[in-house]
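Enquirer: So here's structure.tsv (TSV, N, CA and C atoms).
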```tsv
chain	number	residue	atom	x	y	z
A	26	LYS	N	-105.60	-0.49	125.90
A	26	LYS	CA	-104.31	-0.61	126.57
A	26	LYS	C	-103.16	-0.35	125.60
A	27	MET	N	-103.26	-0.86	124.40
A	27	MET	CA	-102.16	-0.71	123.45
A	27	MET	C	-102.43	0.44	122.48
A	28	ALA	N	-102.71	1.62	123.01
A	28	ALA	CA	-103.00	2.79	122.19
A	28	ALA	C	-101.74	3.31	121.52
A	29	GLY	N	-101.92	4.30	120.65
A	29	GLY	CA	-100.77	4.90	119.99
A	29	GLY	C	-100.31	4.10	118.79
A	30	VAL	N	-101.25	3.76	117.90
A	30	VAL	CA	-100.92	2.96	116.72
A	30	VAL	C	-100.06	3.78	115.79
A	31	LYS	N	-98.98	3.20	115.29
A	31	LYS	CA	-98.09	3.92	114.37
A	31	LYS	C	-98.67	3.90	112.96
A	32	ALA	N	-98.26	4.87	112.16
A	32	ALA	CA	-98.79	5.01	110.81
A	32	ALA	C	-98.08	4.08	109.81
A	33	PHE	N	-96.79	3.84	110.01
A	33	PHE	CA	-96.02	2.98	109.11
A	33	PHE	C	-94.84	2.39	109.85
A	34	THR	N	-94.28	1.30	109.29
A	34	THR	CA	-93.14	0.64	109.93
A	34	THR	C	-91.81	1.23	109.50
A	35	GLY	N	-91.79	1.86	108.31
A	35	GLY	CA	-90.53	2.36	107.78
A	35	GLY	C	-89.72	1.25	107.10
A	36	LEU	N	-90.29	0.06	107.02
A	36	LEU	CA	-89.63	-1.07	106.37
A	36	LEU	C	-90.39	-1.39	105.09
A	37	THR	N	-89.71	-1.36	103.97
A	37	THR	CA	-90.35	-1.58	102.68
A	37	THR	C	-91.12	-2.89	102.66
A	38	GLY	N	-92.39	-2.80	102.27
A	38	GLY	CA	-93.23	-3.98	102.13
A	38	GLY	C	-93.81	-4.52	103.42
A	39	MET	N	-93.51	-3.89	104.55
A	39	MET	CA	-94.02	-4.38	105.83
A	39	MET	C	-95.09	-3.43	106.36
A	40	ALA	N	-96.33	-3.89	106.33
A	40	ALA	CA	-97.44	-3.08	106.82
A	40	ALA	C	-97.47	-3.08	108.34
A	41	VAL	N	-98.11	-2.08	108.89
A	41	VAL	CA	-98.32	-2.00	110.34
A	41	VAL	C	-99.29	-3.10	110.75
A	42	ALA	N	-98.95	-3.83	111.79
A	42	ALA	CA	-99.84	-4.88	112.30
A	42	ALA	C	-101.07	-4.24	112.93
A	43	LYS	N	-102.24	-4.75	112.56
A	43	LYS	CA	-103.50	-4.16	113.04
A	43	LYS	C	-103.76	-4.47	114.52
A	44	ASN	N	-103.47	-5.69	114.94
A	44	ASN	CA	-103.70	-6.09	116.33
A	44	ASN	C	-102.55	-7.01	116.77
A	45	PRO	N	-101.36	-6.45	116.94
A	45	PRO	CA	-100.18	-7.28	117.20
A	45	PRO	C	-100.24	-8.09	118.50
A	46	GLY	N	-100.86	-7.55	119.53
A	46	GLY	CA	-100.96	-8.29	120.78
A	46	GLY	C	-101.75	-9.58	120.61
A	47	HIS	N	-102.87	-9.48	119.91
A	47	HIS	CA	-103.70	-10.65	119.64
A	47	HIS	C	-102.97	-11.64	118.73
A	48	THR	N	-102.37	-11.12	117.66
A	48	THR	CA	-101.65	-11.97	116.70
A	48	THR	C	-100.55	-12.76	117.41
A	49	LEU	N	-99.76	-12.07	118.22
A	49	LEU	CA	-98.69	-12.76	118.94
A	49	LEU	C	-99.24	-13.75	119.95
A	50	GLY	N	-100.34	-13.40	120.61
A	50	GLY	CA	-100.96	-14.32	121.56
A	50	GLY	C	-101.35	-15.63	120.90
A	51	VAL	N	-101.95	-15.54	119.71
A	51	VAL	CA	-102.35	-16.73	118.97
A	51	VAL	C	-101.11	-17.54	118.56
A	52	LEU	N	-100.12	-16.86	118.00
A	52	LEU	CA	-98.90	-17.56	117.57
A	52	LEU	C	-98.19	-18.21	118.75
A	53	TYR	N	-98.07	-17.48	119.85
A	53	TYR	CA	-97.39	-18.02	121.02
A	53	TYR	C	-98.11	-19.25	121.57
A	54	SER	N	-99.45	-19.21	121.56
A	54	SER	CA	-100.21	-20.38	122.03
A	54	SER	C	-99.94	-21.60	121.15
A	55	LYS	N	-99.90	-21.38	119.84
A	55	LYS	CA	-99.64	-22.49	118.92
A	55	LYS	C	-98.23	-23.05	119.09
A	56	ILE	N	-97.26	-22.15	119.31
A	56	ILE	CA	-95.88	-22.60	119.52
A	56	ILE	C	-95.80	-23.44	120.80
A	57	LEU	N	-96.43	-22.95	121.86
A	57	LEU	CA	-96.40	-23.68	123.14
A	57	LEU	C	-97.09	-25.03	123.03
A	58	ARG	N	-98.18	-25.10	122.26
A	58	ARG	CA	-98.86	-26.40	122.06
A	58	ARG	C	-97.96	-27.36	121.30
A	59	ALA	N	-97.23	-26.87	120.30
A	59	ALA	CA	-96.30	-27.73	119.56
A	59	ALA	C	-95.18	-28.21	120.49
A	60	CYS	N	-94.64	-27.31	121.29
A	60	CYS	CA	-93.56	-27.69	122.22
A	60	CYS	C	-94.02	-28.71	123.25
A	61	ALA	N	-95.27	-28.61	123.67
A	61	ALA	CA	-95.80	-29.52	124.68
A	61	ALA	C	-95.83	-30.97	124.20
A	62	LYS	N	-95.76	-31.16	122.89
A	62	LYS	CA	-95.76	-32.52	122.33
A	62	LYS	C	-94.35	-33.10	122.24
A	63	MET	N	-93.34	-32.31	122.60
A	63	MET	CA	-91.94	-32.76	122.58
A	63	MET	C	-91.57	-33.28	123.97
A	64	PRO	N	-90.52	-34.10	124.06
A	64	PRO	CA	-90.07	-34.56	125.39
A	64	PRO	C	-89.76	-33.37	126.31
A	65	ALA	N	-90.14	-33.49	127.56
A	65	ALA	CA	-89.97	-32.40	128.53
A	65	ALA	C	-88.52	-31.98	128.71
A	66	ASP	N	-87.58	-32.90	128.52
A	66	ASP	CA	-86.17	-32.57	128.73
A	66	ASP	C	-85.45	-32.16	127.43
A	67	TYR	N	-86.18	-32.05	126.33
A	67	TYR	CA	-85.58	-31.67	125.05
A	67	TYR	C	-85.20	-30.19	125.10
A	68	THR	N	-83.96	-29.88	124.82
A	68	THR	CA	-83.43	-28.52	124.97
A	68	THR	C	-84.22	-27.49	124.16
A	69	TYR	N	-84.54	-27.81	122.92
A	69	TYR	CA	-85.30	-26.86	122.10
A	69	TYR	C	-86.62	-26.51	122.79
A	70	ARG	N	-87.30	-27.51	123.32
A	70	ARG	CA	-88.58	-27.26	124.00
A	70	ARG	C	-88.38	-26.33	125.18
A	71	LYS	N	-87.42	-26.65	126.03
A	71	LYS	CA	-87.21	-25.86	127.24
A	71	LYS	C	-86.86	-24.41	126.91
A	72	GLU	N	-85.93	-24.21	125.97
A	72	GLU	CA	-85.49	-22.86	125.62
A	72	GLU	C	-86.59	-22.06	124.92
A	73	THR	N	-87.33	-22.72	124.04
A	73	THR	CA	-88.40	-22.04	123.30
A	73	THR	C	-89.54	-21.66	124.23
A	74	GLU	N	-89.94	-22.58	125.11
A	74	GLU	CA	-91.00	-22.26	126.07
A	74	GLU	C	-90.61	-21.08	126.95
A	75	THR	N	-89.36	-21.05	127.40
A	75	THR	CA	-88.89	-19.94	128.23
A	75	THR	C	-88.98	-18.62	127.47
A	76	MET	N	-88.48	-18.59	126.23
A	76	MET	CA	-88.49	-17.37	125.43
A	76	MET	C	-89.92	-16.91	125.16
A	77	ILE	N	-90.78	-17.82	124.75
A	77	ILE	CA	-92.15	-17.47	124.40
A	77	ILE	C	-92.91	-16.96	125.63
A	78	ASN	N	-92.74	-17.62	126.75
A	78	ASN	CA	-93.41	-17.17	127.97
A	78	ASN	C	-92.91	-15.79	128.42
A	79	GLU	N	-91.60	-15.55	128.28
A	79	GLU	CA	-91.05	-14.24	128.62
A	79	GLU	C	-91.63	-13.15	127.73
A	80	ARG	N	-91.69	-13.42	126.43
A	80	ARG	CA	-92.22	-12.42	125.50
A	80	ARG	C	-93.71	-12.19	125.72
A	81	ALA	N	-94.46	-13.23	125.97
A	81	ALA	CA	-95.90	-13.07	126.23
A	81	ALA	C	-96.12	-12.22	127.48
A	82	ASP	N	-95.29	-12.44	128.48
A	82	ASP	CA	-95.39	-11.68	129.73
A	82	ASP	C	-95.06	-10.20	129.48
A	83	ILE	N	-94.05	-9.94	128.66
A	83	ILE	CA	-93.68	-8.56	128.32
A	83	ILE	C	-94.86	-7.86	127.64
A	84	ILE	N	-95.48	-8.54	126.70
A	84	ILE	CA	-96.59	-7.93	125.97
A	84	ILE	C	-97.76	-7.64	126.91
A	85	LYS	N	-98.06	-8.58	127.81
A	85	LYS	CA	-99.15	-8.38	128.77
A	85	LYS	C	-98.90	-7.19	129.68
A	86	LYS	N	-97.66	-7.04	130.13
A	86	LYS	CA	-97.34	-6.02	131.13
A	86	LYS	C	-96.96	-4.67	130.55
A	87	SER	N	-96.76	-4.58	129.24
A	87	SER	CA	-96.35	-3.31	128.63
A	87	SER	C	-97.54	-2.39	128.44
A	88	ALA	N	-97.29	-1.10	128.61
A	88	ALA	CA	-98.35	-0.10	128.44
A	88	ALA	C	-98.76	0.03	126.97
A	89	ASP	N	-97.80	-0.15	126.06
A	89	ASP	CA	-98.09	-0.07	124.63
A	89	ASP	C	-97.07	-0.91	123.86
A	90	MET	N	-97.28	-1.00	122.55
A	90	MET	CA	-96.40	-1.84	121.73
A	90	MET	C	-95.00	-1.28	121.62
A	91	ALA	N	-94.84	0.04	121.67
A	91	ALA	CA	-93.50	0.63	121.63
A	91	ALA	C	-92.67	0.16	122.82
A	92	GLU	N	-93.31	0.11	123.98
A	92	GLU	CA	-92.62	-0.38	125.19
A	92	GLU	C	-92.28	-1.87	125.04
A	93	ALA	N	-93.24	-2.64	124.52
A	93	ALA	CA	-93.01	-4.07	124.32
A	93	ALA	C	-91.85	-4.30	123.35
A	94	GLU	N	-91.82	-3.51	122.26
A	94	GLU	CA	-90.72	-3.63	121.28
A	94	GLU	C	-89.37	-3.42	121.95
A	95	LYS	N	-89.28	-2.39	122.77
A	95	LYS	CA	-88.02	-2.08	123.45
A	95	LYS	C	-87.61	-3.20	124.39
A	96	LYS	N	-88.56	-3.71	125.17
A	96	LYS	CA	-88.25	-4.75	126.15
A	96	LYS	C	-87.88	-6.07	125.48
A	97	ILE	N	-88.56	-6.41	124.38
A	97	ILE	CA	-88.23	-7.64	123.67
A	97	ILE	C	-86.89	-7.49	122.96
A	98	GLY	N	-86.65	-6.32	122.36
A	98	GLY	CA	-85.35	-6.02	121.78
A	98	GLY	C	-85.03	-6.76	120.49
A	99	MET	N	-86.05	-7.10	119.72
A	99	MET	CA	-85.82	-7.83	118.47
A	99	MET	C	-86.43	-7.11	117.28
A	100	GLY	N	-86.42	-5.78	117.32
A	100	GLY	CA	-86.96	-4.98	116.22
A	100	GLY	C	-88.38	-4.55	116.49
A	101	GLN	N	-89.03	-4.09	115.43
A	101	GLN	CA	-90.42	-3.64	115.55
A	101	GLN	C	-91.33	-4.84	115.81
A	102	ILE	N	-92.49	-4.57	116.35
A	102	ILE	CA	-93.40	-5.65	116.72
A	102	ILE	C	-93.78	-6.48	115.50
A	103	GLU	N	-93.83	-5.85	114.32
A	103	GLU	CA	-94.13	-6.59	113.09
A	103	GLU	C	-93.03	-7.61	112.80
A	104	GLU	N	-91.79	-7.26	113.12
A	104	GLU	CA	-90.68	-8.20	112.96
A	104	GLU	C	-90.76	-9.33	113.99
A	105	VAL	N	-91.21	-9.01	115.18
A	105	VAL	CA	-91.40	-10.02	116.22
A	105	VAL	C	-92.49	-11.01	115.78
A	106	ILE	N	-93.52	-10.51	115.11
A	106	ILE	CA	-94.58	-11.39	114.58
A	106	ILE	C	-93.99	-12.34	113.54
A	107	ILE	N	-93.16	-11.83	112.65
A	107	ILE	CA	-92.52	-12.68	111.64
A	107	ILE	C	-91.65	-13.74	112.31
A	108	GLN	N	-90.91	-13.34	113.34
A	108	GLN	CA	-90.08	-14.29	114.08
A	108	GLN	C	-90.94	-15.38	114.71
A	109	ALA	N	-92.09	-15.00	115.26
A	109	ALA	CA	-92.99	-15.98	115.87
A	109	ALA	C	-93.56	-16.93	114.82
A	110	GLU	N	-93.92	-16.39	113.65
A	110	GLU	CA	-94.41	-17.24	112.56
A	110	GLU	C	-93.34	-18.25	112.15
A	111	ASN	N	-92.10	-17.78	112.05
A	111	ASN	CA	-91.00	-18.68	111.69
A	111	ASN	C	-90.75	-19.72	112.78
A	112	GLU	N	-90.85	-19.32	114.03
A	112	GLU	CA	-90.66	-20.25	115.15
A	112	GLU	C	-91.73	-21.34	115.13
A	113	LEU	N	-92.96	-20.96	114.79
A	113	LEU	CA	-94.04	-21.94	114.72
A	113	LEU	C	-93.76	-22.96	113.61
A	114	VAL	N	-93.30	-22.48	112.46
A	114	VAL	CA	-92.95	-23.40	111.36
A	114	VAL	C	-91.84	-24.36	111.81
A	115	LEU	N	-90.83	-23.82	112.49
A	115	LEU	CA	-89.73	-24.65	112.97
A	115	LEU	C	-90.21	-25.66	114.01
A	116	ALA	N	-91.01	-25.21	114.97
A	116	ALA	CA	-91.49	-26.12	116.03
A	116	ALA	C	-92.30	-27.27	115.43
A	117	ARG	N	-93.15	-26.95	114.47
A	117	ARG	CA	-93.93	-28.01	113.81
A	117	ARG	C	-93.04	-28.93	113.00
A	118	GLY	N	-91.99	-28.38	112.39
A	118	GLY	CA	-91.03	-29.21	111.66
A	118	GLY	C	-90.29	-30.16	112.58
A	119	ILE	N	-89.86	-29.65	113.72
A	119	ILE	CA	-89.15	-30.48	114.69
A	119	ILE	C	-90.04	-31.63	115.16
A	120	LEU	N	-91.34	-31.35	115.34
A	120	LEU	CA	-92.26	-32.42	115.71
A	120	LEU	C	-92.32	-33.48	114.61
A	121	GLU	N	-92.43	-33.03	113.38
A	121	GLU	CA	-92.50	-33.96	112.24
A	121	GLU	C	-91.22	-34.77	112.11
A	122	TRP	N	-90.08	-34.10	112.27
A	122	TRP	CA	-88.78	-34.76	112.11
A	122	TRP	C	-88.39	-35.59	113.32
A	123	ARG	N	-89.05	-35.35	114.45
A	123	ARG	CA	-88.72	-36.02	115.71
A	123	ARG	C	-87.22	-35.89	116.00
A	124	ALA	N	-86.77	-34.65	115.93
A	124	ALA	CA	-85.34	-34.33	116.00
A	124	ALA	C	-84.67	-34.75	117.30
A	125	TRP	N	-85.43	-35.06	118.32
A	125	TRP	CA	-84.86	-35.47	119.62
A	125	TRP	C	-84.47	-36.93	119.63
A	126	GLU	N	-84.90	-37.69	118.63
A	126	GLU	CA	-84.59	-39.11	118.60
A	126	GLU	C	-83.14	-39.34	118.14
A	127	PRO	N	-82.56	-40.47	118.50
A	127	PRO	CA	-81.18	-40.75	118.07
A	127	PRO	C	-81.10	-40.83	116.54
A	128	LEU	N	-79.90	-40.57	116.02
A	128	LEU	CA	-79.69	-40.68	114.57
A	128	LEU	C	-79.95	-42.10	114.11
A	129	GLU	N	-80.44	-42.25	112.89
A	129	GLU	CA	-80.71	-43.59	112.35
A	129	GLU	C	-79.43	-44.34	112.04
A	130	GLU	N	-78.39	-43.59	111.71
A	130	GLU	CA	-77.09	-44.22	111.47
A	130	GLU	C	-76.01	-43.36	112.10
A	131	LYS	N	-74.84	-43.94	112.28
A	131	LYS	CA	-73.74	-43.24	112.94
A	131	LYS	C	-73.33	-42.02	112.10
A	132	ALA	N	-73.13	-40.90	112.78
A	132	ALA	CA	-72.70	-39.68	112.11
A	132	ALA	C	-71.28	-39.87	111.57
A	133	PRO	N	-70.96	-39.26	110.43
A	133	PRO	CA	-69.60	-39.36	109.89
A	133	PRO	C	-68.59	-38.81	110.91
A	134	GLU	N	-67.38	-39.33	110.85
A	134	GLU	CA	-66.32	-38.87	111.74
A	134	GLU	C	-66.13	-37.37	111.56
A	135	ASN	N	-65.92	-36.66	112.64
A	135	ASN	CA	-65.74	-35.20	112.66
A	135	ASN	C	-67.00	-34.42	112.28
A	136	GLN	N	-68.15	-35.05	112.24
A	136	GLN	CA	-69.40	-34.38	111.90
A	136	GLN	C	-69.65	-33.16	112.80
A	137	TRP	N	-69.39	-33.32	114.08
A	137	TRP	CA	-69.71	-32.26	115.03
A	137	TRP	C	-68.46	-31.51	115.50
A	138	LYS	N	-67.34	-31.71	114.82
A	138	LYS	CA	-66.09	-31.06	115.23
A	138	LYS	C	-65.94	-29.74	114.49
A	139	TRP	N	-65.65	-28.67	115.24
A	139	TRP	CA	-65.42	-27.37	114.63
A	139	TRP	C	-64.42	-26.62	115.47
A	140	PRO	N	-63.44	-25.96	114.90
A	140	PRO	CA	-63.09	-25.99	113.48
A	140	PRO	C	-62.41	-27.29	113.12
A	141	LEU	N	-62.41	-27.60	111.84
A	141	LEU	CA	-61.81	-28.85	111.37
A	141	LEU	C	-60.31	-28.79	111.41
```
Taking this structure as input, can you express it in the form of structure tokens?
Expert:
Amino acid sequence: KMAGVKAFTGLTGMAVAKNPGHTLGVLYSKILRACAKMPADYTYRKETETMINERADIIKKSADMAEAEKKIGMGQIEEVIIQAENELVLARGILEWRAWEPLEEKAPENQWKWPL
């Protein structure tokens, strides 16, 4: 289904992904499992699940990776893989930090005010 493998990415140091559909499928599953451990109403969970499900659907329905790259619109598929790897690190960090819980102490005055 995903025929037409490219020879190079044109990006220094970035090799062509051998099986990007599979790689992204694995990463997306791990991200969704991490999100499932967060509160259902937590904004990061809701937004991330929506994005990951949309991208997984694009990959499933695309005739090839070039089409998927265009529809996702975030660079070459190898860059999308890097983004997914980074998202997984962040999702696991958020679980560890329990970022949805209230602050342990009151935030300094004007902490969330911008511009100052």
Enquirer: Considering only C-alpha atoms, return as a PyMOL selection string whatever protein or nucleic-acid residues lie within 12 Å of segment 36-38 of chain A, sequence-local ones (same chain, fewer than 2 positions apart) excluded.
Expert: chain A and resi 32-34+40-41+100-104
Enquirer: List as a CSV table (one decimal) with N, CA and C atoms, in the frame of the given file the protein and nucleic acid residues near Val51 of chain A, meaning an atom at most 12 Å away when only C-alpha atoms are counted, but skip any in the same chain fewer than 6 places from it.
Expert:
```
chain,number,residue,atom,x,y,z
A,44,ASN,N,-103.5,-5.7,114.9
A,44,ASN,CA,-103.7,-6.1,116.3
A,44,ASN,C,-102.6,-7.0,116.8
A,45,PRO,N,-101.4,-6.4,116.9
A,45,PRO,CA,-100.2,-7.3,117.2
A,45,PRO,C,-100.2,-8.1,118.5
A,57,LEU,N,-96.4,-23.0,121.9
A,57,LEU,CA,-96.4,-23.7,123.1
A,57,LEU,C,-97.1,-25.0,123.0
A,58,ARG,N,-98.2,-25.1,122.3
A,58,ARG,CA,-98.9,-26.4,122.1
A,58,ARG,C,-98.0,-27.4,121.3
A,77,ILE,N,-90.8,-17.8,124.8
A,77,ILE,CA,-92.2,-17.5,124.4
A,77,ILE,C,-92.9,-17.0,125.6
A,81,ALA,N,-94.5,-13.2,126.0
A,81,ALA,CA,-95.9,-13.1,126.2
A,81,ALA,C,-96.1,-12.2,127.5
A,106,ILE,N,-93.5,-10.5,115.1
A,106,ILE,CA,-94.6,-11.4,114.6
A,106,ILE,C,-94.0,-12.3,113.5
A,109,ALA,N,-92.1,-15.0,115.3
A,109,ALA,CA,-93.0,-16.0,115.9
A,109,ALA,C,-93.6,-16.9,114.8
A,110,GLU,N,-93.9,-16.4,113.6
A,110,GLU,CA,-94.4,-17.2,112.6
A,110,GLU,C,-93.3,-18.2,112.2
A,113,LEU,N,-93.0,-21.0,114.8
A,113,LEU,CA,-94.0,-21.9,114.7
A,113,LEU,C,-93.8,-23.0,113.6
```
Enquirer: Find the distance between atom CA of Glu92 of chain A and atom CA of Ile56 of chain A and write it in Å to one decimal.
Expert: 23.2 Å
Enquirer: Any idea what the distance is between atom CA of Arg123 of chain A and atom CA of Asn135 of chain A?
Expert: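 Between these atoms lies a distance of 23.2 Å.
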Enquirer: Between atom CA of Ile83 of chain A and atom N of Cys60 of chain A, measure the distance and give it in Å to one decimal.
Expert: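 We find that atom CA of Ile83 of chain A and atom N of Cys60 of chain A lie 20.0 Å from each other.
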Enquirer: Within 8 Å of Trp125 of chain A, counting all atoms listed in the file, which residues qualify if same-chain residues fewer than 5 places away don't, as a list in words?
Expert: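 Listed by chain and then number, they are Pro64, Tyr67, Thr68, Ile119 and Leu120 of chain A.
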Enquirer: Find the residue from A:Ala59, A:Ala116, A:Gly46, A:Met99 that sits nearest to Ile84 of chain A; use only C-alpha atoms when measuring.
Expert: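 Under the stated criterion, the closest residue is A:Gly46.
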